[in-house]
>>> print(open('data-v8.cif').read())   # mmCIF, C-alpha atoms
data_query
#
loop_
_atom_site.group_PDB
_atom_site.id
_atom_site.type_symbol
_atom_site.label_atom_id
_atom_site.label_comp_id
_atom_site.auth_asym_id
_atom_site.auth_seq_id
_atom_site.Cartn_x
_atom_site.Cartn_y
_atom_site.Cartn_z
ATOM 1 C CA MET U 1 3.457 -17.699 11.401
ATOM 2 C CA GLN U 2 0.644 -18.096 8.904
ATOM 3 C CA LEU U 3 -2.911 -16.862 8.891
ATOM 4 C CA THR U 4 -5.316 -19.524 10.056
ATOM 5 C CA SER U 5 -8.582 -17.839 9.156
ATOM 6 C CA ALA U 6 -10.090 -15.108 7.043
ATOM 7 C CA LEU U 7 -11.291 -11.696 8.122
ATOM 8 C CA VAL U 8 -15.033 -11.710 7.467
ATOM 9 C CA VAL U 9 -17.474 -8.796 7.349
ATOM 10 C CA GLU U 10 -21.150 -9.657 6.895
ATOM 11 C CA ASN U 11 -23.986 -7.222 6.177
ATOM 12 C CA LEU U 12 -22.293 -4.439 8.105
ATOM 13 C CA ALA U 13 -24.023 -1.124 8.738
ATOM 14 C CA ILE U 14 -22.323 1.922 10.232
ATOM 15 C CA VAL U 15 -23.923 5.091 11.551
ATOM 16 C CA ARG U 16 -21.934 8.224 12.381
ATOM 17 C CA GLY U 17 -23.804 10.749 14.476
ATOM 18 C CA ASP U 18 -27.345 10.804 13.088
ATOM 19 C CA ARG U 19 -26.296 9.776 9.574
ATOM 20 C CA SER U 20 -26.224 6.293 8.128
ATOM 21 C CA LEU U 21 -22.997 5.849 6.170
ATOM 22 C CA PHE U 22 -23.715 2.483 4.580
ATOM 23 C CA ALA U 23 -25.507 -0.802 5.192
ATOM 24 C CA GLY U 24 -25.340 -4.367 3.942
ATOM 25 C CA PHE U 25 -21.592 -4.363 3.279
ATOM 26 C CA SER U 26 -19.839 -7.742 3.160
ATOM 27 C CA LEU U 27 -16.193 -8.655 2.603
ATOM 28 C CA VAL U 28 -13.861 -11.612 3.021
ATOM 29 C CA LEU U 29 -10.116 -10.935 3.264
ATOM 30 C CA ALA U 30 -7.936 -14.023 2.945
ATOM 31 C CA ALA U 31 -4.294 -14.832 3.616
ATOM 32 C CA GLY U 32 -1.833 -13.166 1.254
ATOM 33 C CA GLU U 33 -4.503 -10.885 -0.179
ATOM 34 C CA VAL U 34 -4.520 -7.111 -0.664
ATOM 35 C CA VAL U 35 -7.901 -5.401 -0.849
ATOM 36 C CA HIS U 36 -8.108 -1.761 -1.907
ATOM 37 C CA LEU U 37 -11.262 -0.204 -0.474
ATOM 38 C CA THR U 38 -12.620 2.438 -2.822
ATOM 39 C CA GLY U 39 -15.574 4.828 -2.747
ATOM 40 C CA ARG U 40 -16.422 8.505 -2.731
ATOM 41 C CA ASN U 41 -15.309 10.856 0.043
ATOM 42 C CA GLY U 42 -17.448 10.564 3.158
ATOM 43 C CA VAL U 43 -18.937 7.178 2.313
ATOM 44 C CA GLY U 44 -17.362 5.585 5.411
ATOM 45 C CA LYS U 45 -14.124 3.906 4.330
ATOM 46 C CA THR U 46 -12.211 5.141 7.390
ATOM 47 C CA SER U 47 -15.142 4.283 9.645
ATOM 48 C CA LEU U 48 -15.159 0.753 8.249
ATOM 49 C CA LEU U 49 -11.458 0.276 8.967
ATOM 50 C CA GLU U 50 -11.929 1.706 12.458
ATOM 51 C CA THR U 51 -14.791 -0.711 13.070
ATOM 52 C CA ILE U 52 -12.742 -3.700 11.958
ATOM 53 C CA ALA U 53 -9.910 -2.482 14.201
ATOM 54 C CA GLY U 54 -12.314 -2.376 17.160
ATOM 55 C CA LEU U 55 -12.292 1.410 17.517
ATOM 56 C CA ARG U 56 -16.035 1.850 16.890
ATOM 57 C CA GLN U 57 -19.142 -0.307 17.017
ATOM 58 C CA PRO U 58 -21.253 -1.182 13.965
ATOM 59 C CA GLU U 59 -24.950 -0.428 13.874
ATOM 60 C CA ALA U 60 -25.705 -3.872 12.469
ATOM 61 C CA GLY U 61 -24.009 -6.878 10.926
ATOM 62 C CA ARG U 62 -21.352 -9.322 12.015
ATOM 63 C CA LEU U 63 -17.566 -9.230 12.158
ATOM 64 C CA SER U 64 -15.249 -12.198 12.409
ATOM 65 C CA VAL U 65 -11.786 -10.763 12.897
ATOM 66 C CA PRO U 66 -8.449 -12.074 14.170
ATOM 67 C CA PRO U 67 -7.434 -11.280 17.758
ATOM 68 C CA PRO U 68 -6.189 -7.728 18.416
ATOM 69 C CA GLU U 69 -2.581 -8.839 18.744
ATOM 70 C CA GLN U 70 -2.672 -9.850 15.063
ATOM 71 C CA LEU U 71 -4.203 -6.588 13.819
ATOM 72 C CA HIS U 72 -2.145 -3.553 12.876
ATOM 73 C CA TRP U 73 -4.025 -0.288 12.387
ATOM 74 C CA ILE U 74 -2.436 2.885 11.028
ATOM 75 C CA GLY U 75 -4.863 5.736 10.444
ATOM 76 C CA HIS U 76 -4.496 8.698 8.136
ATOM 77 C CA LYS U 77 -2.906 10.585 11.043
ATOM 78 C CA ASN U 78 0.585 9.402 11.884
ATOM 79 C CA GLY U 79 0.268 9.208 15.655
ATOM 80 C CA LEU U 80 3.595 10.913 16.288
ATOM 81 C CA HIS U 81 4.196 13.319 19.165
ATOM 82 C CA PRO U 82 5.669 16.423 17.488
ATOM 83 C CA ALA U 83 8.248 17.051 20.241
ATOM 84 C CA LEU U 84 9.610 13.502 20.135
ATOM 85 C CA SER U 85 11.972 12.101 17.539
ATOM 86 C CA ALA U 86 11.077 9.158 15.333
ATOM 87 C CA VAL U 87 13.143 6.931 17.622
ATOM 88 C CA GLU U 88 11.413 8.209 20.765
ATOM 89 C CA ASN U 89 7.970 7.856 19.216
ATOM 90 C CA LEU U 90 8.687 4.276 18.246
ATOM 91 C CA GLN U 91 10.179 3.504 21.666
ATOM 92 C CA PHE U 92 6.954 4.737 23.248
ATOM 93 C CA TRP U 93 4.889 2.649 20.828
ATOM 94 C CA CYS U 94 6.993 -0.444 21.561
ATOM 95 C CA GLY U 95 6.387 0.097 25.259
ATOM 96 C CA LEU U 96 2.636 0.086 24.630
ATOM 97 C CA THR U 97 2.578 -2.945 22.347
ATOM 98 C CA GLY U 98 5.436 -5.089 23.606
ATOM 99 C CA ALA U 99 7.344 -4.848 20.322
ATOM 100 C CA ASP U 100 11.128 -5.213 20.511
ATOM 101 C CA VAL U 101 12.926 -1.843 20.595
ATOM 102 C CA ALA U 102 15.951 -3.517 19.001
ATOM 103 C CA GLY U 103 14.075 -3.401 15.714
ATOM 104 C CA ILE U 104 13.690 0.386 15.687
ATOM 105 C CA ALA U 105 17.022 1.290 14.091
ATOM 106 C CA PRO U 106 16.745 -1.315 11.289
ATOM 107 C CA ALA U 107 13.137 -0.266 10.611
ATOM 108 C CA LEU U 108 14.047 3.411 10.312
ATOM 109 C CA ASP U 109 17.028 2.512 8.118
ATOM 110 C CA ARG U 110 14.718 0.514 5.866
ATOM 111 C CA LEU U 111 12.357 3.493 5.570
ATOM 112 C CA GLN U 112 15.350 5.746 4.762
ATOM 113 C CA LEU U 113 15.133 7.792 7.961
ATOM 114 C CA LYS U 114 18.589 7.075 9.343
ATOM 115 C CA ALA U 115 19.779 10.677 9.118
ATOM 116 C CA ALA U 116 16.536 12.095 10.523
ATOM 117 C CA ARG U 117 15.820 9.563 13.249
ATOM 118 C CA HIS U 118 16.749 11.870 16.165
ATOM 119 C CA ARG U 119 15.095 15.039 14.901
ATOM 120 C CA PRO U 120 11.824 16.162 16.530
ATOM 121 C CA SER U 121 8.942 14.882 14.457
ATOM 122 C CA ARG U 122 7.622 18.391 13.938
ATOM 123 C CA THR U 123 10.736 19.164 11.866
ATOM 124 C CA LEU U 124 10.267 16.210 9.529
ATOM 125 C CA SER U 125 8.635 16.540 6.144
ATOM 126 C CA THR U 126 5.158 15.139 5.546
ATOM 127 C CA GLY U 127 6.620 12.129 3.769
ATOM 128 C CA GLN U 128 9.200 11.505 6.489
ATOM 129 C CA ARG U 129 6.506 11.533 9.152
ATOM 130 C CA ARG U 130 4.480 9.056 7.151
ATOM 131 C CA ARG U 131 7.482 6.764 6.754
ATOM 132 C CA ALA U 132 8.142 6.973 10.513
ATOM 133 C CA ALA U 133 4.577 5.819 11.110
ATOM 134 C CA LEU U 134 4.919 3.009 8.571
ATOM 135 C CA ALA U 135 8.085 1.824 10.344
ATOM 136 C CA ARG U 136 5.739 0.313 12.944
ATOM 137 C CA LEU U 137 4.782 -2.300 10.358
ATOM 138 C CA LEU U 138 8.304 -3.697 10.579
ATOM 139 C CA LEU U 139 8.214 -3.798 14.366
ATOM 140 C CA SER U 140 4.879 -5.459 15.032
ATOM 141 C CA HIS U 141 5.019 -8.623 12.884
ATOM 142 C CA ARG U 142 1.222 -8.598 12.876
ATOM 143 C CA LEU U 143 -0.452 -10.519 10.101
ATOM 144 C CA TRP U 144 -3.424 -8.284 9.347
ATOM 145 C CA TRP U 145 -2.729 -4.705 8.242
ATOM 146 C CA LEU U 146 -5.508 -2.100 8.235
ATOM 147 C CA LEU U 147 -4.095 1.049 6.640
ATOM 148 C CA ASP U 148 -5.917 4.300 5.953
ATOM 149 C CA GLU U 149 -4.265 6.294 3.152
ATOM 150 C CA PRO U 150 -0.769 4.826 3.689
ATOM 151 C CA LEU U 151 0.595 6.576 0.583
ATOM 152 C CA ALA U 152 -0.443 10.057 1.710
ATOM 153 C CA GLY U 153 2.543 12.405 1.542
ATOM 154 C CA LEU U 154 4.921 9.832 0.081
ATOM 155 C CA ASP U 155 7.048 10.619 -2.945
ATOM 156 C CA VAL U 156 7.810 8.070 -5.667
ATOM 157 C CA ARG U 157 10.613 6.459 -3.651
ATOM 158 C CA GLY U 158 8.492 6.352 -0.510
ATOM 159 C CA ALA U 159 5.683 4.673 -2.422
ATOM 160 C CA ALA U 160 8.156 2.128 -3.790
ATOM 161 C CA LEU U 161 9.395 1.376 -0.268
ATOM 162 C CA PHE U 162 5.804 0.860 0.860
ATOM 163 C CA ALA U 163 5.222 -1.506 -2.061
ATOM 164 C CA GLU U 164 8.258 -3.543 -1.009
ATOM 165 C CA LEU U 165 6.815 -3.884 2.501
ATOM 166 C CA VAL U 166 3.474 -5.000 1.092
ATOM 167 C CA ALA U 167 5.048 -7.590 -1.223
ATOM 168 C CA GLU U 168 7.092 -9.057 1.637
ATOM 169 C CA HIS U 169 4.115 -9.023 3.992
ATOM 170 C CA ARG U 170 1.848 -10.943 1.639
ATOM 171 C CA ALA U 171 4.655 -13.366 0.713
ATOM 172 C CA GLY U 172 4.795 -14.249 4.406
ATOM 173 C CA GLY U 173 1.066 -14.946 4.496
ATOM 174 C CA GLY U 174 -0.022 -11.518 5.681
ATOM 175 C CA ALA U 175 -3.096 -9.685 4.433
ATOM 176 C CA LEU U 176 -3.848 -6.005 3.890
ATOM 177 C CA LEU U 177 -7.014 -3.916 3.728
ATOM 178 C CA LEU U 178 -6.352 -0.313 2.809
ATOM 179 C CA THR U 179 -7.831 2.881 1.475
ATOM 180 C CA SER U 180 -5.948 5.100 -0.952
ATOM 181 C CA HIS U 181 -6.824 7.927 -3.300
ATOM 182 C CA GLN U 182 -3.548 7.235 -5.087
ATOM 183 C CA ALA U 183 -2.809 4.393 -7.469
ATOM 184 C CA LEU U 184 -0.971 1.590 -5.704
ATOM 185 C CA PRO U 185 2.486 0.758 -7.081
ATOM 186 C CA PRO U 186 2.495 -2.370 -9.278
ATOM 187 C CA GLN U 187 5.158 -3.899 -7.002
ATOM 188 C CA CYS U 188 2.365 -4.498 -4.455
ATOM 189 C CA GLY U 189 1.233 -7.407 -6.636
ATOM 190 C CA ALA U 190 -2.348 -8.377 -7.418
ATOM 191 C CA ILE U 191 -4.875 -6.099 -5.752
ATOM 192 C CA ARG U 192 -8.623 -6.585 -5.428
ATOM 193 C CA ASP U 193 -10.659 -3.391 -5.559
ATOM 194 C CA VAL U 194 -13.823 -3.353 -3.446
ATOM 195 C CA GLU U 195 -16.143 -0.382 -3.646
ATOM 196 C CA LEU U 196 -17.992 0.911 -0.611
ATOM 197 C CA TYR U 197 -21.145 2.859 -1.354
ATOM 198 C CA ALA U 198 -24.100 4.206 0.612
#
>>> encode(input="data-v8.cif", output="structure tokens")
Amino acid sequence: MQLTSALVVENLAIVRGDRSLFAGFSLVLAAGEVVHLTGRNGVGKTSLLETIAGLRQPEAGRLSVPPPEQLHWIGHKNGLHPALSAVENLQFWCGLTGADVAGIAPALDRLQLKAARHRPSRTLSTGQRRRAALARLLLSHRLWWLLDEPLAGLDVRGAALFAELVAEHRAGGGALLLTSHQALPPQCGAIRDVELYA
């Protein structure tokens, strides 16, 4: 399944509370492309991703985005219930999204969580919890990834695993818009940096 259109942001403005974060921001994200959204802390990078994902409304501007079933959002929080294991968390997520639970074990194996898959999430390390969250990327088969700080908490091997997922995703026609305060592994391929500023 290939992308049939681009994700387009035109002259977007976002307000949080009584403060304007930014205005006049435009972006086009095309098939097979990775865009690294940069900018100082508090400028609104997370808010922009949330707006594209449909979680908040812009103050002004226009969005042309794929349908929700093609969007995959993972925020800087992992979205894991601490009392549930990685397997149970992913089973719950599959129930919400319609993803196939048969893919859970292979996804956790791929993210090197085989030995920890049945442990309560609260007992996992920061990096293991992040990898459990990223396992959803292998279950959803959605073409547009919106990822907020996906490398947070990952060690060198975890970052390399993430880079492998990105390379495979874009080879299949997928696109990725992400924020990261860490340098992206070179295995991700060509990356376009776009700065967001107030």
>>> closest_atom_pairs(input="data-v8.cif", of="range 21-133 of chain U", to="range 170-174 of chain U", cutoff="10 Å", atoms="all atoms listed in the file", output="Markdown table")
| residue | atom | partner | partner_atom | distance |
| --- | --- | --- | --- | --- |
| U:Ala30 | CA | U:Gly174 | CA | 8.7 |
| U:Ala31 | CA | U:Gly173 | CA | 5.4 |
| U:Gly32 | CA | U:Arg170 | CA | 4.3 |
| U:Glu33 | CA | U:Arg170 | CA | 6.6 |
| U:Val34 | CA | U:Arg170 | CA | 7.8 |
| U:Gln70 | CA | U:Gly174 | CA | 9.9 |
>>> resolve_selection(input="data-v8.cif", expression="the PyMOL selection byres ((chain U and resi 133) around 12)", output="VMD selection string")
chain U and resid 72 to 81 85 to 87 89 to 90 93 104 107 to 108 111 113 121 124 126 to 132 134 to 140 147 to 154 162
>>> write_last_selection(input="data-v8.cif", atoms="C-alpha atoms", output="mmCIF file, in the coordinates of the input")
data_model
loop_
_atom_site.group_PDB
_atom_site.id
_atom_site.type_symbol
_atom_site.label_atom_id
_atom_site.label_comp_id
_atom_site.auth_asym_id
_atom_site.auth_seq_id
_atom_site.Cartn_x
_atom_site.Cartn_y
_atom_site.Cartn_z
ATOM 1 C CA HIS U 72 -2.145 -3.553 12.876
ATOM 2 C CA TRP U 73 -4.025 -0.288 12.387
ATOM 3 C CA ILE U 74 -2.436 2.885 11.028
ATOM 4 C CA GLY U 75 -4.863 5.736 10.444
ATOM 5 C CA HIS U 76 -4.496 8.698 8.136
ATOM 6 C CA LYS U 77 -2.906 10.585 11.043
ATOM 7 C CA ASN U 78 0.585 9.402 11.884
ATOM 8 C CA GLY U 79 0.268 9.208 15.655
ATOM 9 C CA LEU U 80 3.595 10.913 16.288
ATOM 10 C CA HIS U 81 4.196 13.319 19.165
ATOM 11 C CA SER U 85 11.972 12.101 17.539
ATOM 12 C CA ALA U 86 11.077 9.158 15.333
ATOM 13 C CA VAL U 87 13.143 6.931 17.622
ATOM 14 C CA ASN U 89 7.970 7.856 19.216
ATOM 15 C CA LEU U 90 8.687 4.276 18.246
ATOM 16 C CA TRP U 93 4.889 2.649 20.828
ATOM 17 C CA ILE U 104 13.690 0.386 15.687
ATOM 18 C CA ALA U 107 13.137 -0.266 10.611
ATOM 19 C CA LEU U 108 14.047 3.411 10.312
ATOM 20 C CA LEU U 111 12.357 3.493 5.570
ATOM 21 C CA LEU U 113 15.133 7.792 7.961
ATOM 22 C CA SER U 121 8.942 14.882 14.457
ATOM 23 C CA LEU U 124 10.267 16.210 9.529
ATOM 24 C CA THR U 126 5.158 15.139 5.546
ATOM 25 C CA GLY U 127 6.620 12.129 3.769
ATOM 26 C CA GLN U 128 9.200 11.505 6.489
ATOM 27 C CA ARG U 129 6.506 11.533 9.152
ATOM 28 C CA ARG U 130 4.480 9.056 7.151
ATOM 29 C CA ARG U 131 7.482 6.764 6.754
ATOM 30 C CA ALA U 132 8.142 6.973 10.513
ATOM 31 C CA LEU U 134 4.919 3.009 8.571
ATOM 32 C CA ALA U 135 8.085 1.824 10.344
ATOM 33 C CA ARG U 136 5.739 0.313 12.944
ATOM 34 C CA LEU U 137 4.782 -2.300 10.358
ATOM 35 C CA LEU U 138 8.304 -3.697 10.579
ATOM 36 C CA LEU U 139 8.214 -3.798 14.366
ATOM 37 C CA SER U 140 4.879 -5.459 15.032
ATOM 38 C CA LEU U 147 -4.095 1.049 6.640
ATOM 39 C CA ASP U 148 -5.917 4.300 5.953
ATOM 40 C CA GLU U 149 -4.265 6.294 3.152
ATOM 41 C CA PRO U 150 -0.769 4.826 3.689
ATOM 42 C CA LEU U 151 0.595 6.576 0.583
ATOM 43 C CA ALA U 152 -0.443 10.057 1.710
ATOM 44 C CA GLY U 153 2.543 12.405 1.542
ATOM 45 C CA LEU U 154 4.921 9.832 0.081
ATOM 46 C CA PHE U 162 5.804 0.860 0.860
#
>>> residues_around(input="data-v8.cif", residues="Tyr197 in chain U", least_positions_apart="4", cutoff="9 Å", atoms="only C-alpha atoms", output="list in words")
Leu21, Phe22, Ala23, Phe25, Thr38, Gly39, Arg40, Val43 and Gly44 of chain U
>>> resolve_selection(input="data-v8.cif", expression="the PyMOL selection byres ((chain U and resi 189-196) around 12)", output="PyMOL selection string")
chain U and resi 12-14+21-30+32-49+163-171+175-180+183-188+197-198
>>> residues_near_point(input="data-v8.cif", point="(-17.4, -8.8, 11.9)", cutoff="6 Å", atoms="all atoms listed in the file", output="ChimeraX atom specification")
/U:8-9,62-64
>>> write_last_selection(input="data-v8.cif", atoms="C-alpha atoms", output="short mmCIF file (atom, residue, chain, number, x, y, z; two decimals), keeping the file's coordinate frame")
data_model
loop_
_atom_site.label_atom_id
_atom_site.label_comp_id
_atom_site.auth_asym_id
_atom_site.auth_seq_id
_atom_site.Cartn_x
_atom_site.Cartn_y
_atom_site.Cartn_z
CA VAL U 8 -15.03 -11.71 7.47
CA VAL U 9 -17.47 -8.80 7.35
CA ARG U 62 -21.35 -9.32 12.02
CA LEU U 63 -17.57 -9.23 12.16
CA SER U 64 -15.25 -12.20 12.41
#
>>> atom_distance(input="data-v8.cif", atom1="CA of Gly61 in chain U", atom2="CA of Asn11 in chain U")
4.8 Å
>>> atom_distance(input="data-v8.cif", atom1="CA of Ser125 in chain U", atom2="CA of Pro106 in chain U")
20.3 Å
>>> closest_residue(input="data-v8.cif", among="U:Gly158, U:Pro120, U:Gly98, U:Pro68", to="Ile52 in chain U", atoms="all atoms listed in the file")
U:Pro68
